[in-house]
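Undergrad: Contents of final04.txt (compact mmCIF, C-alpha atoms and all ligand atoms):
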```txt
# COMPACT_ATOMS: atom_id res chain seq x y z
CA MET U 28 4.46 45.94 -27.48
CA LYS U 29 4.24 42.98 -29.79
CA PHE U 30 1.71 41.37 -27.50
CA LEU U 31 -0.43 44.51 -27.48
CA HIS U 32 -0.20 44.61 -31.24
CA LEU U 33 -1.52 41.06 -31.45
CA VAL U 34 -4.39 41.86 -29.13
CA THR U 35 -5.32 44.79 -31.36
CA LEU U 36 -5.31 42.55 -34.41
CA THR U 37 -7.49 40.01 -32.66
CA THR U 38 -10.01 42.61 -31.64
CA ALA U 39 -10.13 44.01 -35.15
CA ALA U 40 -10.74 40.57 -36.60
CA LEU U 41 -13.56 39.99 -34.14
CA ALA U 42 -15.21 43.22 -35.12
CA LEU U 43 -14.93 42.46 -38.82
CA PRO U 44 -15.29 38.69 -39.07
CA SER U 45 -15.96 38.68 -42.79
CA ASP U 46 -13.32 41.21 -43.75
CA THR U 47 -10.98 39.55 -46.22
CA ARG U 48 -8.64 42.45 -46.96
CA SER U 49 -5.79 41.16 -44.79
CA VAL U 50 -6.25 37.60 -45.92
CA THR U 51 -4.28 35.64 -48.48
CA ARG U 52 -6.54 33.79 -50.90
CA PRO U 53 -5.05 30.83 -52.76
CA GLN U 54 -4.01 31.20 -56.37
CA ALA U 55 -6.36 29.49 -58.79
CA LYS U 56 -4.70 26.12 -59.30
CA THR U 57 -5.87 22.65 -59.90
CA CYS U 58 -5.05 19.79 -57.59
CA THR U 59 -3.94 17.13 -60.04
CA SER U 60 -1.73 14.93 -57.84
CA PRO U 61 -2.95 15.18 -54.26
CA LYS U 62 -0.61 14.20 -51.45
CA VAL U 63 -1.66 11.11 -49.53
CA ARG U 64 -1.90 11.35 -45.76
CA LYS U 65 -0.92 8.09 -44.09
CA ASN U 66 -1.65 6.17 -40.92
CA TRP U 67 1.45 6.45 -38.69
CA ALA U 68 1.25 2.71 -37.95
CA LYS U 69 1.59 1.94 -41.67
CA ALA U 70 4.34 4.39 -42.53
CA THR U 71 7.87 3.15 -43.23
CA SER U 72 10.65 3.53 -40.67
CA ALA U 73 12.36 6.07 -42.94
CA GLU U 74 9.17 8.15 -43.16
CA LYS U 75 8.74 8.08 -39.39
CA ARG U 76 12.35 9.04 -38.76
CA SER U 77 12.12 11.93 -41.19
CA TYR U 78 8.90 13.19 -39.58
CA ILE U 79 10.34 12.98 -36.04
CA ASN U 80 13.53 14.77 -37.08
CA ALA U 81 11.52 17.57 -38.67
CA VAL U 82 9.44 18.01 -35.49
CA LEU U 83 12.64 18.32 -33.45
CA CYS U 84 13.98 20.76 -36.03
CA LEU U 85 11.04 23.11 -35.35
CA THR U 86 12.57 23.76 -31.92
CA THR U 87 15.66 25.17 -33.65
CA LYS U 88 13.77 27.63 -35.87
CA PRO U 89 13.05 31.18 -34.74
CA SER U 90 9.55 32.08 -33.66
CA ARG U 91 7.42 33.79 -36.29
CA LEU U 92 5.56 35.61 -33.52
CA ARG U 93 8.31 36.74 -31.16
CA VAL U 94 5.90 37.39 -28.31
CA ALA U 95 8.30 36.09 -25.67
CA THR U 96 12.07 35.85 -25.76
CA HIS U 97 13.74 32.50 -26.47
CA THR U 98 10.70 30.97 -28.07
CA THR U 99 10.83 28.95 -31.28
CA LEU U 100 8.64 28.06 -34.22
CA TYR U 101 7.74 24.95 -32.20
CA ASP U 102 6.25 27.11 -29.44
CA ASP U 103 4.28 29.25 -31.88
CA PHE U 104 1.73 26.48 -32.43
CA GLY U 105 0.87 26.10 -28.75
CA TYR U 106 0.78 29.88 -28.35
CA VAL U 107 -1.56 30.57 -31.27
CA HIS U 108 -3.93 27.76 -30.23
CA SER U 109 -3.98 29.09 -26.66
CA GLN U 110 -4.61 32.69 -27.67
CA LEU U 111 -7.48 31.70 -29.94
CA THR U 112 -9.05 29.62 -27.19
CA ASN U 113 -9.23 32.46 -24.66
CA PRO U 114 -11.47 34.17 -25.64
CA GLN U 115 -12.85 31.18 -27.50
CA ARG U 116 -12.72 31.53 -31.28
CA ILE U 117 -11.90 28.05 -32.62
CA HIS U 118 -13.78 25.51 -30.49
CA GLY U 119 -17.45 24.94 -29.81
CA GLU U 120 -18.45 26.62 -33.08
CA PRO U 121 -18.57 25.57 -36.75
CA VAL U 122 -15.07 26.88 -37.55
CA PHE U 123 -13.59 24.15 -35.33
CA LEU U 124 -13.17 21.74 -38.26
CA PRO U 125 -11.85 24.06 -41.02
CA TRP U 126 -9.62 26.01 -38.57
CA HIS U 127 -7.90 22.86 -37.31
CA ARG U 128 -7.69 21.57 -40.91
CA TYR U 129 -5.82 24.77 -41.81
CA PHE U 130 -3.68 24.56 -38.64
CA VAL U 131 -2.55 21.01 -39.53
CA GLN U 132 -1.64 22.25 -43.03
CA VAL U 133 0.40 25.13 -41.56
CA TYR U 134 2.21 22.56 -39.40
CA GLU U 135 2.86 20.28 -42.39
CA ASP U 136 4.29 23.26 -44.27
CA ALA U 137 6.53 24.03 -41.27
CA LEU U 138 7.77 20.42 -41.27
CA HIS U 139 8.63 20.85 -44.96
CA SER U 140 10.77 23.85 -44.04
CA CYS U 141 12.65 21.36 -41.83
CA GLY U 142 13.38 18.88 -44.61
CA TYR U 143 10.36 16.60 -44.32
CA THR U 144 8.93 15.77 -47.74
CA GLY U 145 5.94 13.63 -46.74
CA SER U 146 2.43 14.57 -45.75
CA ALA U 147 0.74 14.98 -42.37
CA MET U 148 0.13 11.60 -40.72
CA TYR U 149 -2.63 10.40 -38.44
CA TRP U 150 -3.13 8.26 -35.34
CA ASP U 151 -6.02 5.94 -36.15
CA TRP U 152 -7.66 5.89 -32.71
CA VAL U 153 -10.89 4.64 -34.27
CA SER U 154 -9.36 1.20 -34.85
CA GLU U 155 -7.15 1.31 -31.73
CA TRP U 156 -9.79 2.44 -29.22
CA ALA U 157 -9.76 -0.84 -27.23
CA ALA U 158 -6.04 -0.67 -26.35
CA PRO U 159 -4.80 2.81 -27.24
CA SER U 160 -1.58 2.50 -25.22
CA LYS U 161 -0.44 -0.32 -27.54
CA SER U 162 -0.48 1.98 -30.55
CA ALA U 163 2.60 2.35 -32.71
CA VAL U 164 2.40 6.12 -32.14
CA TRP U 165 3.85 5.63 -28.62
CA ASP U 166 6.89 3.69 -29.83
CA PRO U 167 10.02 4.86 -27.96
CA VAL U 168 12.13 4.86 -31.12
CA LEU U 169 9.84 5.26 -34.13
CA GLY U 170 7.07 7.11 -32.33
CA PHE U 171 6.33 9.83 -29.82
CA GLY U 172 7.33 8.05 -26.61
CA GLY U 173 4.93 6.96 -23.92
CA ASN U 174 3.20 8.12 -20.77
CA GLY U 175 4.58 10.66 -18.32
CA SER U 176 5.96 9.70 -14.92
CA ASP U 177 5.71 11.44 -11.57
CA SER U 178 9.05 10.02 -10.52
CA ALA U 179 10.88 11.77 -13.33
CA ASP U 180 13.08 14.80 -12.66
CA GLY U 181 11.98 18.21 -13.65
CA ASN U 182 8.38 19.30 -13.63
CA GLY U 183 7.32 18.57 -10.08
CA PRO U 184 4.06 16.79 -9.34
CA SER U 185 1.82 19.09 -11.45
CA LYS U 186 3.04 17.81 -14.83
CA LEU U 187 4.11 14.26 -15.63
CA ARG U 188 7.26 14.30 -17.73
CA VAL U 189 7.50 11.97 -20.72
CA VAL U 190 10.53 9.81 -19.92
CA ASN U 191 11.28 8.00 -23.16
CA GLY U 192 11.32 8.50 -26.89
CA PRO U 193 12.66 11.23 -29.16
CA PHE U 194 10.80 14.00 -27.33
CA ARG U 195 11.88 13.24 -23.76
CA ASN U 196 14.06 16.37 -23.72
CA LEU U 197 11.49 18.63 -25.32
CA ARG U 198 10.77 21.76 -23.30
CA PRO U 199 7.63 23.60 -24.44
CA THR U 200 7.54 27.25 -23.34
CA TYR U 201 3.84 27.75 -22.72
CA TRP U 202 1.35 26.07 -20.47
CA ASN U 203 -2.26 27.05 -20.92
CA GLY U 204 -1.52 30.58 -22.11
CA ALA U 205 1.22 31.43 -19.59
CA VAL U 206 4.98 31.36 -20.05
CA ASP U 207 5.87 28.25 -18.06
CA PRO U 208 8.75 26.23 -19.55
CA HIS U 209 8.40 22.55 -18.65
CA TRP U 210 9.24 19.09 -19.95
CA LEU U 211 6.74 17.55 -22.37
CA SER U 212 4.11 15.84 -20.24
CA ARG U 213 1.44 13.14 -20.55
CA ASP U 214 -1.02 11.79 -18.03
CA TRP U 215 -2.89 8.89 -19.62
CA SER U 216 -6.28 8.18 -18.12
CA PRO U 217 -6.27 4.76 -16.47
CA GLY U 218 -8.70 2.09 -17.64
CA HIS U 219 -11.40 0.65 -15.43
CA PRO U 220 -11.68 -3.03 -16.42
CA GLU U 221 -14.29 -3.61 -13.67
CA ASP U 222 -16.63 -1.27 -15.59
CA GLY U 223 -15.47 -2.44 -19.01
CA GLN U 224 -13.79 0.95 -19.60
CA PRO U 225 -10.63 0.89 -21.69
CA GLU U 226 -7.63 3.05 -20.84
CA MET U 227 -7.34 6.58 -22.27
CA ILE U 228 -11.15 6.87 -22.34
CA GLY U 229 -11.10 4.51 -25.34
CA ASN U 230 -14.88 4.09 -25.32
CA GLY U 231 -15.07 7.83 -26.09
CA TYR U 232 -13.83 7.02 -29.60
CA GLY U 233 -15.06 3.42 -29.90
CA PRO U 234 -17.51 2.02 -32.47
CA GLY U 235 -20.66 3.09 -30.59
CA ILE U 236 -19.67 6.75 -30.50
CA MET U 237 -18.32 6.72 -34.04
CA ASP U 238 -21.53 5.21 -35.44
CA GLU U 239 -23.47 7.97 -33.74
CA VAL U 240 -21.15 10.73 -35.04
CA ASN U 241 -21.27 9.35 -38.57
CA SER U 242 -25.04 8.98 -38.52
CA TRP U 243 -25.57 12.75 -38.72
CA THR U 244 -26.24 13.96 -42.25
CA VAL U 245 -25.97 17.72 -41.66
CA TYR U 246 -22.87 19.67 -40.66
CA GLU U 247 -24.51 21.47 -37.75
CA ARG U 248 -25.13 18.10 -36.07
CA PHE U 249 -22.06 16.23 -37.31
CA HIS U 250 -19.53 18.88 -36.23
CA PRO U 251 -20.48 19.15 -32.52
CA ALA U 252 -20.72 15.35 -32.25
CA LEU U 253 -17.20 14.92 -33.65
CA GLU U 254 -15.76 17.75 -31.55
CA SER U 255 -17.04 16.48 -28.17
CA SER U 256 -16.37 12.74 -28.42
CA PRO U 257 -14.18 11.44 -30.06
CA HIS U 258 -12.08 14.64 -30.28
CA GLY U 259 -12.38 15.72 -26.64
CA ALA U 260 -12.05 12.17 -25.32
CA VAL U 261 -8.66 11.72 -27.01
CA HIS U 262 -7.38 15.01 -25.56
CA ALA U 263 -8.55 14.03 -22.07
CA GLY U 264 -7.43 10.40 -22.42
CA VAL U 265 -3.85 11.33 -23.37
CA GLY U 266 -3.46 14.57 -21.43
CA GLY U 267 -5.31 13.76 -18.23
CA GLY U 268 -4.91 16.60 -15.73
CA ARG U 269 -1.12 16.75 -15.82
CA GLY U 270 -0.23 16.40 -19.49
CA ASP U 271 0.20 18.81 -22.39
CA MET U 272 -2.76 17.43 -24.36
CA GLY U 273 -5.17 18.76 -21.72
CA PRO U 274 -4.79 22.56 -21.56
CA THR U 275 -5.24 25.15 -24.33
CA SER U 276 -1.53 24.81 -25.24
CA SER U 277 -2.17 21.21 -26.41
CA PRO U 278 -0.17 21.59 -29.67
CA ASN U 279 2.86 21.38 -27.33
CA ASP U 280 2.50 17.61 -27.60
CA PRO U 281 3.48 16.49 -31.11
CA ILE U 282 0.74 13.82 -30.93
CA PHE U 283 -1.74 16.74 -31.15
CA PHE U 284 -1.17 16.92 -34.91
CA LEU U 285 -1.63 13.17 -35.45
CA HIS U 286 -4.81 13.41 -33.41
CA HIS U 287 -6.16 16.38 -35.37
CA THR U 288 -5.20 14.82 -38.69
CA MET U 289 -7.40 11.87 -37.65
CA VAL U 290 -10.24 14.24 -36.72
CA ASP U 291 -9.79 15.74 -40.18
CA LYS U 292 -9.88 12.28 -41.75
CA VAL U 293 -13.19 11.49 -40.05
CA TRP U 294 -14.60 14.75 -41.43
CA TRP U 295 -13.13 14.00 -44.91
CA GLN U 296 -14.70 10.53 -44.92
CA TRP U 297 -18.05 12.07 -43.96
CA GLN U 298 -17.68 14.56 -46.84
CA GLN U 299 -16.75 11.75 -49.24
CA ARG U 300 -19.93 9.81 -48.50
CA ASP U 301 -21.97 12.55 -50.22
CA PRO U 302 -19.53 14.96 -51.85
CA GLN U 303 -22.17 16.95 -53.71
CA ASN U 304 -24.02 17.91 -50.57
CA ARG U 305 -21.28 17.73 -47.96
CA THR U 306 -18.05 19.15 -49.39
CA PHE U 307 -19.15 22.72 -48.77
CA ALA U 308 -21.71 21.94 -46.06
CA TYR U 309 -20.97 24.53 -43.37
CA LYS U 310 -23.59 25.72 -40.95
CA GLY U 311 -24.18 26.62 -37.33
CA VAL U 312 -24.02 29.51 -34.90
CA ARG U 313 -20.73 31.23 -34.12
CA ASN U 314 -19.65 32.08 -30.60
CA ASP U 315 -20.45 35.74 -31.34
CA GLY U 316 -24.06 34.76 -32.01
CA GLN U 317 -23.95 35.23 -35.80
CA ASN U 318 -24.60 32.48 -38.33
CA ALA U 319 -21.42 30.93 -39.72
CA THR U 320 -20.70 31.48 -43.43
CA LEU U 321 -18.11 30.18 -45.89
CA ALA U 322 -16.70 33.75 -46.05
CA ASP U 323 -15.71 33.71 -42.37
CA VAL U 324 -12.06 34.51 -41.68
CA MET U 325 -9.87 32.10 -39.75
CA PRO U 326 -7.15 33.89 -37.74
CA MET U 327 -3.58 32.56 -37.49
CA LEU U 328 -2.12 35.53 -35.55
CA GLY U 329 0.92 35.83 -37.81
CA LEU U 330 1.94 32.14 -37.73
CA ALA U 331 0.51 32.05 -41.27
CA ALA U 332 -1.83 34.29 -43.26
CA ASP U 333 -5.41 34.33 -42.06
CA GLY U 334 -7.58 31.99 -44.13
CA VAL U 335 -11.13 31.98 -45.43
CA VAL U 336 -13.30 28.98 -44.52
CA ARG U 337 -14.34 28.34 -48.16
CA ASP U 338 -10.71 27.64 -49.15
CA TYR U 339 -10.39 24.83 -46.58
CA MET U 340 -13.58 22.83 -47.15
CA ASP U 341 -12.43 20.76 -50.15
CA THR U 342 -9.15 18.89 -49.57
CA LYS U 343 -8.61 18.80 -53.36
CA GLY U 344 -9.37 22.43 -54.11
CA GLY U 345 -8.97 25.95 -52.78
CA ALA U 346 -5.84 26.10 -50.65
CA LEU U 347 -5.47 22.32 -50.23
CA CYS U 348 -4.39 19.28 -52.21
CA TYR U 349 -4.47 15.99 -50.32
CA VAL U 350 -6.48 12.84 -49.71
CA TYR U 351 -6.38 10.12 -47.05
CA GLN U 352 -5.09 6.61 -47.40
CU CU J 401 -8.04 22.91 -30.78
```
Will you turn the file into structure tokens for me?
TA:
Amino acid sequence: MKFLHLVTLTTAALALPSDTRSVTRPQAKTCTSPKVRKNWAKATSAEKRSYINAVLCLTTKPSRLRVATHTTLYDDFGYVHSQLTNPQRIHGEPVFLPWHRYFVQVYEDALHSCGYTGSAMYWDWVSEWAAPSKSAVWDPVLGFGGNGSDSADGNGPSKLRVVNGPFRNLRPTYWNGAVDPHWLSRDWSPGHPEDGQPEMIGNGYGPGIMDEVNSWTVYERFHPALESSPHGAVHAGVGGGRGDMGPTSSPNDPIFFLHHTMVDKVWWQWQQRDPQNRTFAYKGVRNDGQNATLADVMPMLGLAADGVVRDYMDTKGGALCYVYQ
């Protein structure tokens, strides 16, 4: 029943993409002391511990969606992302950037409900592209653990269980839209030194690609460049074929949010280079064939209120109040 209800809601939202009646608009407020989003590698041990504990705490909170029994608030993020990817409503179209910006904010708010007082943090893969596996984000104590292993107990050969770190006993419920409880998995892409290719498809987010992405001056060119590589390369580099970062349920891997906070930082920096022209620059063709507008509604399927694109363009206005370090 609940599932059918959700499907109905989704269909209605598709039919009325600019309908704002069911949407919560932010109260008029000024952003006087924006939160500062930090690089994970530069955060203090106490900040990292607090973040990790809050992520684990999400697995103890009841689901806001209740679409399957025994799911938690942790699972809701993978579920919502999966549902909105099939049919495709949040990738390959202009809403990709503001929707994921909103999604990261919803996640940060959820972490706050678990005692975390800091801001979202990012994995700076732009500066770590040459040796991504050496990043502090994979630390087994103050990070997210490392690669998966096919010799580990549990998942069988189709998913490589993460064997160390604070999330080694994490059991996400969904896999690519289906109920399929499994251990958190990663399948890092190997490097090919003979071809000068770094591990985890590092050249997909190296200086050459980033210069190209940042060279675009209009949103309708900048957005697709950012979404394909680097964004897609990081998903594929970490998730491979047998890890959670690959399929549509990629928010199962807590690194997803550090990755998407970095994507958001790259967009923010692009906006900052010409704030007058770029803060509200939003253009392109939606997957339904219509032109994208700032009044477009961004669905959250009950995880949070649906949002309006305009409220998520300026990180120091509308529904948001943060900057990047
Ligand atoms: Cu996504």
Undergrad: Just give me the gap between atom CA of Asp102 of chain U and atom CA of Arg188 of chain U in Å, one decimal is fine.
TA: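 Result for atom CA of Asp102 of chain U versus atom CA of Arg188 of chain U: 17.4 Å, one decimal.
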Undergrad: Residues at most 7 Å from ligand CU 401 (chain J), using only C-alpha atoms and all ligand atoms? Could they come as a PyMOL selection string?
TA: chain U and resi 108+117-118+127
Undergrad: Using all atoms listed in the file, determine which residues lie at most 6 Å from segment 300-311 of chain U, disregarding the query and same-chain residues fewer than 4 positions distant; provide the list as a PDB file with C-alpha atoms, keeping the file's coordinate frame.
TA:
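Contents of the output file result13.pdb:
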```pdb
ATOM      1  CA  PRO U 121     -18.570  25.570 -36.750  1.00  0.00           C
ATOM      2  CA  TYR U 246     -22.870  19.670 -40.660  1.00  0.00           C
ATOM      3  CA  GLU U 247     -24.510  21.470 -37.750  1.00  0.00           C
ATOM      4  CA  ASN U 318     -24.600  32.480 -38.330  1.00  0.00           C
ATOM      5  CA  ALA U 319     -21.420  30.930 -39.720  1.00  0.00           C
ATOM      6  CA  MET U 340     -13.580  22.830 -47.150  1.00  0.00           C
ATOM      7  CA  ASP U 341     -12.430  20.760 -50.150  1.00  0.00           C
TER       8      ASP U 341
END
```
Undergrad: Have a look at U:Val240, U:Val133, U:Val190, U:Leu100 and name the one nearest to Ala332 of chain U; count all atoms listed in the file.
TA: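 Answer, going by the shortest atom-to-atom distance: U:Val133.
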Undergrad: Could you check the closest approach to Val168 of chain U for each of U:Lys75, U:Arg93, U:His209, U:His139 and tell me which residue wins, using all atoms listed in the file?
TA: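 Looking only at the distances to Val168 of chain U, the closest residue turns out to be U:Lys75.
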Undergrad: At most 9 Å is the cut-off: for each residue in segment 82-149 of chain U with any atom that close to an atom of segment 263-284 of chain U, write down the nearest atom pair and the distance in Å rounded to one decimal, counting all atoms listed in the file, chain first then increasing number, as CSV.
TA:
```
residue,atom,partner,partner_atom,distance
U:Val82,CA,U:Pro281,CA,7.6
U:Tyr101,CA,U:Asn279,CA,7.8
U:Asp102,CA,U:Asn279,CA,7.0
U:Phe104,CA,U:Pro278,CA,5.9
U:Gly105,CA,U:Ser276,CA,4.4
U:Tyr106,CA,U:Ser276,CA,6.4
U:Val107,CA,U:Ser276,CA,8.3
U:His108,CA,U:Ser276,CA,6.3
U:Ser109,CA,U:Thr275,CA,4.7
U:Gln110,CA,U:Thr275,CA,8.3
U:Leu111,CA,U:Thr275,CA,8.9
U:Thr112,CA,U:Thr275,CA,6.5
U:Asn113,CA,U:Thr275,CA,8.3
U:Phe130,CA,U:Phe284,CA,8.9
U:Val131,CA,U:Phe284,CA,6.3
U:Tyr134,CA,U:Phe284,CA,8.0
U:Ala147,CA,U:Phe284,CA,7.9
U:Met148,CA,U:Phe284,CA,8.0
U:Tyr149,CA,U:Phe284,CA,7.6
```
Undergrad: For His286 of chain U, which residue among U:Ala205, U:Ala260, U:Leu330, U:Ala346 is the nearest when counting only C-alpha atoms?
TA: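 Of the candidates, the smallest distance to His286 of chain U is held by U:Ala260.
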Undergrad: Restricting the calculation to all atoms listed in the file: of U:Ala163, U:Val245, U:Ala95, U:Ile236, which residue gets closest to Trp67 of chain U?
TA: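 Using all atoms listed in the file, Trp67 of chain U sits closest to U:Ala163.
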Undergrad: Could you check which of U:Gly329, U:Pro53, U:Gly345, U:Gly119 is closest to Ser90 of chain U, using only C-alpha atoms?
TA: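 Of U:Gly329, U:Pro53, U:Gly345, U:Gly119, the one nearest Ser90 of chain U, counting only C-alpha atoms, is U:Gly329.
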Undergrad: Interatomic distance between atom CA of Ala68 of chain U and atom CA of Asp166 of chain U?
TA: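 Separating atom CA of Ala68 of chain U from atom CA of Asp166 of chain U is a distance of 9.9 Å.
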Undergrad: Quick one, how far is atom CA of Leu253 of chain U from atom CA of Asn241 of chain U?
TA: 8.5 Å
Undergrad: Go through U:Leu211, U:Ile79, U:Val350, U:Cys84 and flag the residue nearest Asp180 of chain U, using all atoms listed in the file for the distances.
TA: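 Using all atoms listed in the file, Asp180 of chain U sits closest to U:Leu211.
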Undergrad: Step by step: start from the point (-13.4, 27.6, -46.3) in the file's coordinates, keep every protein, DNA or RNA residue that has an atom no farther than 10 Å from it, count only C-alpha atoms, and write the set as a list in words.
TA: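 Residues with an atom at most 10 Å from (-13.4, 27.6, -46.3): Val122, Leu124, Pro125, Trp126, Arg128, Tyr129, Phe307, Tyr309, Thr320, Leu321, Ala322, Asp323, Val324, Met325, Gly334, Val335, Val336, Arg337, Asp338, Tyr339, Met340, Asp341, Gly345 and Ala346 of chain U.
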Undergrad: If we count all atoms listed in the file, what is near Ser146 of chain U at a cut-off of 12 Å, once residues fewer than 4 positions away on the same chain are taken out, given as a ChimeraX atom specification?
TA: /U:61-67,70,74-75,77-78,81,131-139,142,284-285,288,347-352
Undergrad: Keeping only C-alpha atoms, take the residues you just selected and write them out as a PDB file, in the frame of the given file.
TA:
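Saved the output as again13.pdb:
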```
ATOM      1  CA  PRO U  61      -2.950  15.180 -54.260  1.00  0.00           C
ATOM      2  CA  LYS U  62      -0.610  14.200 -51.450  1.00  0.00           C
ATOM      3  CA  VAL U  63      -1.660  11.110 -49.530  1.00  0.00           C
ATOM      4  CA  ARG U  64      -1.900  11.350 -45.760  1.00  0.00           C
ATOM      5  CA  LYS U  65      -0.920   8.090 -44.090  1.00  0.00           C
ATOM      6  CA  ASN U  66      -1.650   6.170 -40.920  1.00  0.00           C
ATOM      7  CA  TRP U  67       1.450   6.450 -38.690  1.00  0.00           C
ATOM      8  CA  ALA U  70       4.340   4.390 -42.530  1.00  0.00           C
ATOM      9  CA  GLU U  74       9.170   8.150 -43.160  1.00  0.00           C
ATOM     10  CA  LYS U  75       8.740   8.080 -39.390  1.00  0.00           C
ATOM     11  CA  SER U  77      12.120  11.930 -41.190  1.00  0.00           C
ATOM     12  CA  TYR U  78       8.900  13.190 -39.580  1.00  0.00           C
ATOM     13  CA  ALA U  81      11.520  17.570 -38.670  1.00  0.00           C
ATOM     14  CA  VAL U 131      -2.550  21.010 -39.530  1.00  0.00           C
ATOM     15  CA  GLN U 132      -1.640  22.250 -43.030  1.00  0.00           C
ATOM     16  CA  VAL U 133       0.400  25.130 -41.560  1.00  0.00           C
ATOM     17  CA  TYR U 134       2.210  22.560 -39.400  1.00  0.00           C
ATOM     18  CA  GLU U 135       2.860  20.280 -42.390  1.00  0.00           C
ATOM     19  CA  ASP U 136       4.290  23.260 -44.270  1.00  0.00           C
ATOM     20  CA  ALA U 137       6.530  24.030 -41.270  1.00  0.00           C
ATOM     21  CA  LEU U 138       7.770  20.420 -41.270  1.00  0.00           C
ATOM     22  CA  HIS U 139       8.630  20.850 -44.960  1.00  0.00           C
ATOM     23  CA  GLY U 142      13.380  18.880 -44.610  1.00  0.00           C
ATOM     24  CA  PHE U 284      -1.170  16.920 -34.910  1.00  0.00           C
ATOM     25  CA  LEU U 285      -1.630  13.170 -35.450  1.00  0.00           C
ATOM     26  CA  THR U 288      -5.200  14.820 -38.690  1.00  0.00           C
ATOM     27  CA  LEU U 347      -5.470  22.320 -50.230  1.00  0.00           C
ATOM     28  CA  CYS U 348      -4.390  19.280 -52.210  1.00  0.00           C
ATOM     29  CA  TYR U 349      -4.470  15.990 -50.320  1.00  0.00           C
ATOM     30  CA  VAL U 350      -6.480  12.840 -49.710  1.00  0.00           C
ATOM     31  CA  TYR U 351      -6.380  10.120 -47.050  1.00  0.00           C
ATOM     32  CA  GLN U 352      -5.090   6.610 -47.400  1.00  0.00           C
TER      33      GLN U 352
END
```
Undergrad: Please identify all polymer residues within 7 Å of Gly172 of chain U, counting all atoms listed in the file, omitting same-chain residues fewer than 3 positions from it, and present them as a list in words.
TA: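 Counting all atoms listed in the file, the residues come to Trp165, Asp166, Pro167, Asn191, Gly192, Pro193 and Phe194 of chain U.
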Undergrad: Can you find the residues with an atom no farther than 12 Å from (-17.4, 5.5, -38.3), counting all atoms listed in the file, and report them as a PyMOL selection string?
TA: chain U and resi 151-154+232-243+249+253+257+289-290+292-297+300
Undergrad: Taking only N, CA and C atoms, show segment 303-314 of chain U of the given structure as a CSV table (one decimal), in the first residue's frame.
TA:
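Generated output (part_24.csv):
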```csv
chain,number,residue,atom,x,y,z
U,303,GLN,N,27.5,37.1,-9.9
U,303,GLN,CA,26.3,37.9,-10.5
U,303,GLN,C,25.7,37.1,-11.6
U,304,ASN,N,26.5,36.5,-12.4
U,304,ASN,CA,25.9,35.7,-13.5
U,304,ASN,C,25.6,34.3,-13.3
U,305,ARG,N,26.3,33.7,-12.2
U,305,ARG,CA,26.3,32.2,-12.1
U,305,ARG,C,25.5,31.7,-10.9
U,306,THR,N,25.2,32.5,-9.9
U,306,THR,CA,24.6,32.0,-8.7
U,306,THR,C,23.2,31.4,-9.1
U,307,PHE,N,22.5,32.1,-9.9
U,307,PHE,CA,21.2,31.5,-10.3
U,307,PHE,C,21.1,31.1,-11.8
U,308,ALA,N,22.3,30.8,-12.3
U,308,ALA,CA,22.4,30.3,-13.7
U,308,ALA,C,21.9,28.8,-13.7
U,309,TYR,N,20.8,28.6,-14.4
U,309,TYR,CA,20.2,27.3,-14.4
U,309,TYR,C,19.5,27.1,-15.7
U,310,LYS,N,20.0,26.2,-16.5
U,310,LYS,CA,19.4,26.1,-17.9
U,310,LYS,C,19.7,24.7,-18.4
U,311,GLY,N,18.9,24.3,-19.3
U,311,GLY,CA,19.1,23.0,-20.0
U,311,GLY,C,17.7,22.3,-20.2
U,312,VAL,N,17.8,21.1,-20.8
U,312,VAL,CA,16.5,20.4,-21.1
U,312,VAL,C,16.3,19.3,-20.1
U,313,ARG,N,15.1,19.2,-19.6
U,313,ARG,CA,14.8,18.1,-18.6
U,313,ARG,C,14.6,16.8,-19.4
U,314,ASN,N,14.6,15.7,-18.6
U,314,ASN,CA,14.4,14.4,-19.2
U,314,ASN,C,13.0,14.3,-19.8
```
